[in-house]
Amino acid sequence: MNTIIKIKQVTVRFKRKNALEKIDCQINRGEVVGLVGPNGAGKTTLMKTILGFIPISAGEIAHQQIKMASLIEQPGLYPFMTGMEHLKMLAEKQTTQVEIDRLIHLLDLTDFINQKTKEYSLGMKQRLGIAIGLLNNPDLIILDEPMNGLDPYSVKLLKKAILTYSETGTSFLISSHILSELKQIVNRVLLMKAGHLVENVVHPELLEDFEDGLLAKLA
Ligand SMILES: Nc1ncnc2c1ncn2[C@@H]1O[C@H](COP(=O)(O)OP(=O)(O)OP(=O)(O)O)[C@@H](O)[C@H]1O
């Protein structure tokens, strides 16, 4: 298995509190990893630390030269630019119009892609944000609560996009409060509580059987 990032004994300390406590985990190429835990568990801190936005207090994050993308909170969009203008502006040289059109189709952005983003609903912004994240074929994309505020159709599109891209080698780290929300798409689930990784569920197809026990661990 091709590991693209390895988190070794990572601790993050904010003032007097450890938000992450000796976290050990890894993400493999093409893997969809869920990160589940209650409020304050440390999910966002772990994601921001992997992205290099938060300094590590102890431990190490090792990775090869990989391209990372993220969607944490709401996407930063320019209100007076259209969705298409965003995609064209942010596309790297090697990203073709065919790839842009594929993303527009996959996330069903066609009807509003030429509208200014100030006219977008929350769900439309989120779908465009995910398209932007996937735009330049990152090795790893980190999505913090991407299903928050999405209607069932948008959730379905997002899940399809995740599965499509993971099949061609993109890895995903996706956080959620809700274990069941991730069931159909993840290869593995990391459970976090109070800054600790409490479980690494390698057979998410068994989540159903163990869900009550796992939820009890998070309570
Ligand atoms: N910049 C910061 N300064 C001080 N403490 C922080 C900071 N950011 C996060 N924390 C603390 O670190 C802990 C983990 O927070 P984090 O946002 O990572 O949790 P989370 O699992 O993403 O929670 P939620 O599901 O509510 O988003 C919390 O106790 C939080 O108060």
# chains A, B, ... in the order shown; residues from 1 in each chain; ligands from 1

call {"tool": "residues_around", "arguments": {"residues": "Gln26 in chain A", "least_positions_apart": "6", "cutoff": "12 Å", "atoms": "only C-alpha atoms", "output": "JSON, numbers by chain"}}
result
{"A": [1, 2, 3, 4, 5, 6, 7, 8, 9, 10, 32, 33, 50, 60, 61, 62, 63, 140, 171, 172, 173, 188, 189, 190, 200]}

call {"tool": "residues_near_ligand", "arguments": {"ligand": "ligand 1", "cutoff": "7 Å", "atoms": "only C-alpha atoms and all ligand atoms", "output": "list in words"}}
result
Phe14, Lys15, Ala19, Gly37, Pro38, Asn39, Gly40, Ala41, Gly42, Lys43, Thr44, Thr45, Leu46, His177 and Gly195 of chain A

call {"tool": "write_last_selection", "arguments": {"atoms": "C-alpha atoms", "output": "CSV table (one decimal), in the first residue's frame"}}
result
chain,number,residue,atom,x,y,z
A,14,PHE,CA,-2.8,25.6,22.6
A,15,LYS,CA,-1.8,27.6,25.7
A,19,ALA,CA,-5.8,19.9,21.3
A,37,GLY,CA,-15.8,12.8,16.8
A,38,PRO,CA,-17.8,15.1,18.9
A,39,ASN,CA,-17.4,18.9,19.2
A,40,GLY,CA,-13.9,19.8,20.4
A,41,ALA,CA,-12.4,16.4,19.6
A,42,GLY,CA,-9.6,17.9,17.6
A,43,LYS,CA,-10.8,17.1,14.0
A,44,THR,CA,-10.3,20.6,12.6
A,45,THR,CA,-7.0,21.0,14.5
A,46,LEU,CA,-5.7,17.7,13.0
A,177,HIS,CA,-19.9,14.5,13.6
A,195,GLY,CA,-7.5,15.1,21.3

call {"tool": "residues_around", "arguments": {"residues": "Asn136 in chain A", "least_positions_apart": "4", "cutoff": "9 Å", "atoms": "only C-alpha atoms", "output": "ChimeraX atom specification"}}
result
/A:67,69,90-92,94-95,99,132

call {"tool": "residues_around", "arguments": {"residues": "range 74-84 of chain A", "least_positions_apart": "5", "cutoff": "7 Å", "atoms": "only C-alpha atoms", "output": "ChimeraX atom specification"}}
result
/A:113-118,125-126,128-129

call {"tool": "write_last_selection", "arguments": {"atoms": "N, CA and C atoms", "output": "JSON list (two decimals), in the first residue's frame"}}
result
[["chain", "number", "residue", "atom", "x", "y", "z"],
["A", 113, "ILE", "N", -23.28, 27.98, -13.18],
["A", 113, "ILE", "CA", -21.83, 28.19, -13.29],
["A", 113, "ILE", "C", -21.48, 29.59, -13.85],
["A", 114, "ASN", "N", -22.42, 30.19, -14.62],
["A", 114, "ASN", "CA", -22.14, 31.52, -15.16],
["A", 114, "ASN", "C", -22.78, 32.65, -14.36],
["A", 115, "GLN", "N", -23.28, 32.30, -13.16],
["A", 115, "GLN", "CA", -23.83, 33.33, -12.25],
["A", 115, "GLN", "C", -22.72, 33.79, -11.29],
["A", 116, "LYS", "N", -22.84, 35.04, -10.85],
["A", 116, "LYS", "CA", -21.88, 35.53, -9.84],
["A", 116, "LYS", "C", -22.11, 34.77, -8.52],
["A", 117, "THR", "N", -21.04, 34.48, -7.80],
["A", 117, "THR", "CA", -21.20, 33.61, -6.62],
["A", 117, "THR", "C", -21.94, 34.31, -5.47],
["A", 118, "LYS", "N", -22.08, 35.63, -5.52],
["A", 118, "LYS", "CA", -22.86, 36.31, -4.47],
["A", 118, "LYS", "C", -24.33, 35.88, -4.54],
["A", 125, "LYS", "N", -22.44, 27.14, -3.14],
["A", 125, "LYS", "CA", -21.07, 27.56, -2.81],
["A", 125, "LYS", "C", -20.22, 26.35, -2.43],
["A", 126, "GLN", "N", -20.82, 25.47, -1.65],
["A", 126, "GLN", "CA", -20.11, 24.28, -1.18],
["A", 126, "GLN", "C", -19.74, 23.38, -2.37],
["A", 128, "LEU", "N", -19.34, 24.27, -5.50],
["A", 128, "LEU", "CA", -18.27, 24.93, -6.25],
["A", 128, "LEU", "C", -16.94, 24.79, -5.49],
["A", 129, "GLY", "N", -17.00, 24.95, -4.16],
["A", 129, "GLY", "CA", -15.78, 24.82, -3.33],
["A", 129, "GLY", "C", -15.16, 23.44, -3.49]]

call {"tool": "select_by_dssp", "arguments": {"residues": "range 27-98 of chain A", "states": "alpha helix (DSSP H)", "output": "PyMOL selection string"}}
result
chain A and resi 43-50+83-90+97-98

call {"tool": "residues_around", "arguments": {"residues": "Glu145 in chain A", "least_positions_apart": "2", "cutoff": "9 Å", "atoms": "only C-alpha atoms", "output": "list in words"}}
result
Leu71, Ile72, Glu73, Leu143, Met147, Asn148, Ile174, Ser175, Ser176 and His177 of chain A

call {"tool": "select_by_dssp", "arguments": {"residues": "range 55-206 of chain A", "states": "strand (DSSP E or B)", "output": "ChimeraX atom specification"}}
result
/A:58-63,68-71,82,116,140-143,171-176,188-193,196-201

call {"tool": "write_last_selection", "arguments": {"atoms": "N, CA and C atoms", "output": "tab-separated table (two decimals), in the first residue's frame"}}
result
chain	number	residue	atom	x	y	z
A	58	ALA	N	4.93	18.72	19.13
A	58	ALA	CA	5.83	17.57	19.23
A	58	ALA	C	5.40	16.54	18.18
A	59	GLY	N	6.34	15.68	17.78
A	59	GLY	CA	6.02	14.67	16.77
A	59	GLY	C	6.41	15.16	15.39
A	60	GLU	N	5.87	14.47	14.39
A	60	GLU	CA	6.32	14.74	13.02
A	60	GLU	C	5.24	14.34	12.01
A	61	ILE	N	5.16	15.09	10.93
A	61	ILE	CA	4.31	14.67	9.81
A	61	ILE	C	5.22	14.45	8.61
A	62	ALA	N	5.24	13.22	8.11
A	62	ALA	CA	6.14	12.89	7.00
A	62	ALA	C	5.32	12.63	5.75
A	63	HIS	N	5.71	13.29	4.68
A	63	HIS	CA	5.06	12.96	3.40
A	63	HIS	C	6.01	13.21	2.25
A	68	MET	N	-1.72	19.08	-1.89
A	68	MET	CA	-2.88	19.00	-0.99
A	68	MET	C	-3.86	20.12	-1.31
A	69	ALA	N	-5.13	19.82	-1.12
A	69	ALA	CA	-6.17	20.84	-1.26
A	69	ALA	C	-7.10	20.67	-0.06
A	70	SER	N	-7.87	21.71	0.21
A	70	SER	CA	-8.75	21.59	1.38
A	70	SER	C	-10.00	22.44	1.22
A	71	LEU	N	-11.00	22.02	1.96
A	71	LEU	CA	-12.21	22.85	2.10
A	71	LEU	C	-12.54	22.81	3.58
A	82	THR	N	-18.03	34.77	-11.41
A	82	THR	CA	-18.88	33.59	-11.61
A	82	THR	C	-18.12	32.33	-11.19
A	116	LYS	N	-22.84	35.04	-10.85
A	116	LYS	CA	-21.88	35.53	-9.84
A	116	LYS	C	-22.11	34.77	-8.52
A	140	LEU	N	-4.11	14.66	-2.10
A	140	LEU	CA	-4.91	14.54	-0.87
A	140	LEU	C	-5.81	15.76	-0.76
A	141	ILE	N	-7.10	15.51	-0.53
A	141	ILE	CA	-8.01	16.63	-0.28
A	141	ILE	C	-8.65	16.45	1.09
A	142	ILE	N	-8.61	17.53	1.84
A	142	ILE	CA	-9.08	17.51	3.22
A	142	ILE	C	-10.39	18.30	3.28
A	143	LEU	N	-11.45	17.62	3.68
A	143	LEU	CA	-12.78	18.26	3.69
A	143	LEU	C	-13.32	18.25	5.11
A	171	SER	N	-6.63	10.85	-2.55
A	171	SER	CA	-6.98	10.43	-1.18
A	171	SER	C	-7.82	11.53	-0.54
A	172	PHE	N	-8.70	11.11	0.35
A	172	PHE	CA	-9.59	12.06	1.03
A	172	PHE	C	-9.50	11.87	2.54
A	173	LEU	N	-9.51	12.98	3.26
A	173	LEU	CA	-9.71	12.95	4.70
A	173	LEU	C	-10.94	13.82	4.96
A	174	ILE	N	-11.99	13.19	5.48
A	174	ILE	CA	-13.28	13.88	5.58
A	174	ILE	C	-13.79	13.82	7.01
A	175	SER	N	-14.06	14.97	7.60
A	175	SER	CA	-14.55	14.95	8.98
A	175	SER	C	-16.07	15.04	9.03
A	176	SER	N	-16.58	14.51	10.11
A	176	SER	CA	-18.03	14.59	10.34
A	176	SER	C	-18.32	14.30	11.81
A	188	ARG	N	-11.98	3.67	5.61
A	188	ARG	CA	-11.48	3.57	6.97
A	188	ARG	C	-12.02	4.75	7.75
A	189	VAL	N	-12.23	4.56	9.05
A	189	VAL	CA	-12.72	5.66	9.88
A	189	VAL	C	-11.81	5.81	11.10
A	190	LEU	N	-11.39	7.04	11.36
A	190	LEU	CA	-10.64	7.35	12.57
A	190	LEU	C	-11.60	8.01	13.54
A	191	LEU	N	-11.67	7.49	14.75
A	191	LEU	CA	-12.54	8.09	15.75
A	191	LEU	C	-11.70	8.91	16.71
A	192	MET	N	-12.11	10.15	16.93
A	192	MET	CA	-11.35	11.04	17.83
A	192	MET	C	-12.20	11.47	19.00
A	193	LYS	N	-11.54	11.61	20.13
A	193	LYS	CA	-12.22	12.17	21.30
A	193	LYS	C	-11.18	12.89	22.14
A	196	HIS	N	-7.52	12.68	21.28
A	196	HIS	CA	-6.93	11.36	21.11
A	196	HIS	C	-7.61	10.63	19.95
A	197	LEU	N	-6.83	9.78	19.27
A	197	LEU	CA	-7.44	8.86	18.30
A	197	LEU	C	-7.85	7.64	19.10
A	198	VAL	N	-9.14	7.36	19.17
A	198	VAL	CA	-9.58	6.27	20.03
A	198	VAL	C	-9.83	4.97	19.26
A	199	GLU	N	-9.93	5.07	17.93
A	199	GLU	CA	-10.21	3.85	17.17
A	199	GLU	C	-9.87	4.08	15.70
A	200	ASN	N	-9.34	3.04	15.08
A	200	ASN	CA	-9.07	3.07	13.65
A	200	ASN	C	-9.89	1.93	13.05
A	201	VAL	N	-11.02	2.27	12.46
A	201	VAL	CA	-11.94	1.22	11.98
A	201	VAL	C	-11.58	0.88	10.54

call {"tool": "closest_residue", "arguments": {"among": "A:Asn18, A:Ser154, A:Thr96, A:Ser180", "to": "Ser57 in chain A", "atoms": "only C-alpha atoms"}}
result
A:Asn18

call {"tool": "closest_residue", "arguments": {"among": "A:Lys159, A:Thr164, A:Val98, A:Asp108", "to": "Lys183 in chain A", "atoms": "only C-alpha atoms"}}
result
A:Lys159

call {"tool": "closest_residue", "arguments": {"among": "A:Gln184, A:Thr110, A:Thr49, A:Asn28", "to": "Arg13 in chain A", "atoms": "only C-alpha atoms"}}
result
A:Thr49

call {"tool": "residues_around", "arguments": {"residues": "Thr170 in chain A", "least_positions_apart": "2", "cutoff": "8 Å", "atoms": "only C-alpha atoms", "output": "MDAnalysis selection string"}}
result
chainID A and resid 29:31 137:141 165:168 172

call {"tool": "write_last_selection", "arguments": {"atoms": "N, CA and C atoms", "output": "compact mmCIF listing (two decimals), in the first residue's frame"}}
result
# COMPACT_ATOMS: atom_id res chain seq x y z
N ARG A 29 -2.64 6.12 -0.66
CA ARG A 29 -3.11 6.66 -1.93
C ARG A 29 -4.49 6.10 -2.29
N GLY A 30 -5.39 6.98 -2.68
CA GLY A 30 -6.73 6.57 -3.12
C GLY A 30 -7.67 6.19 -1.99
N GLU A 31 -7.20 6.35 -0.76
CA GLU A 31 -8.03 5.97 0.38
C GLU A 31 -8.99 7.11 0.76
N ASN A 137 -6.33 18.13 -9.55
CA ASN A 137 -5.98 16.75 -9.21
C ASN A 137 -5.04 16.63 -8.01
N PRO A 138 -5.47 17.06 -6.82
CA PRO A 138 -4.59 16.93 -5.66
C PRO A 138 -4.37 15.47 -5.30
N ASP A 139 -3.27 15.19 -4.60
CA ASP A 139 -3.04 13.83 -4.10
C ASP A 139 -3.93 13.59 -2.88
N LEU A 140 -4.11 14.66 -2.10
CA LEU A 140 -4.91 14.54 -0.87
C LEU A 140 -5.81 15.76 -0.76
N ILE A 141 -7.10 15.51 -0.53
CA ILE A 141 -8.01 16.63 -0.28
C ILE A 141 -8.65 16.45 1.09
N TYR A 165 -13.11 10.35 -7.84
CA TYR A 165 -11.72 10.80 -7.74
C TYR A 165 -10.85 9.82 -6.96
N SER A 166 -11.43 9.15 -5.96
CA SER A 166 -10.60 8.19 -5.20
C SER A 166 -10.21 7.01 -6.08
N GLU A 167 -11.09 6.66 -7.03
CA GLU A 167 -10.77 5.54 -7.93
C GLU A 167 -9.54 5.84 -8.79
N THR A 168 -9.30 7.13 -9.04
CA THR A 168 -8.11 7.46 -9.85
C THR A 168 -6.94 7.91 -8.98
N PHE A 172 -8.70 11.11 0.35
CA PHE A 172 -9.59 12.06 1.03
C PHE A 172 -9.50 11.87 2.54

call {"tool": "atom_distance", "arguments": {"atom1": "CA of Leu179 in chain A", "atom2": "CA of Gly52 in chain A"}}
result
26.2 Å
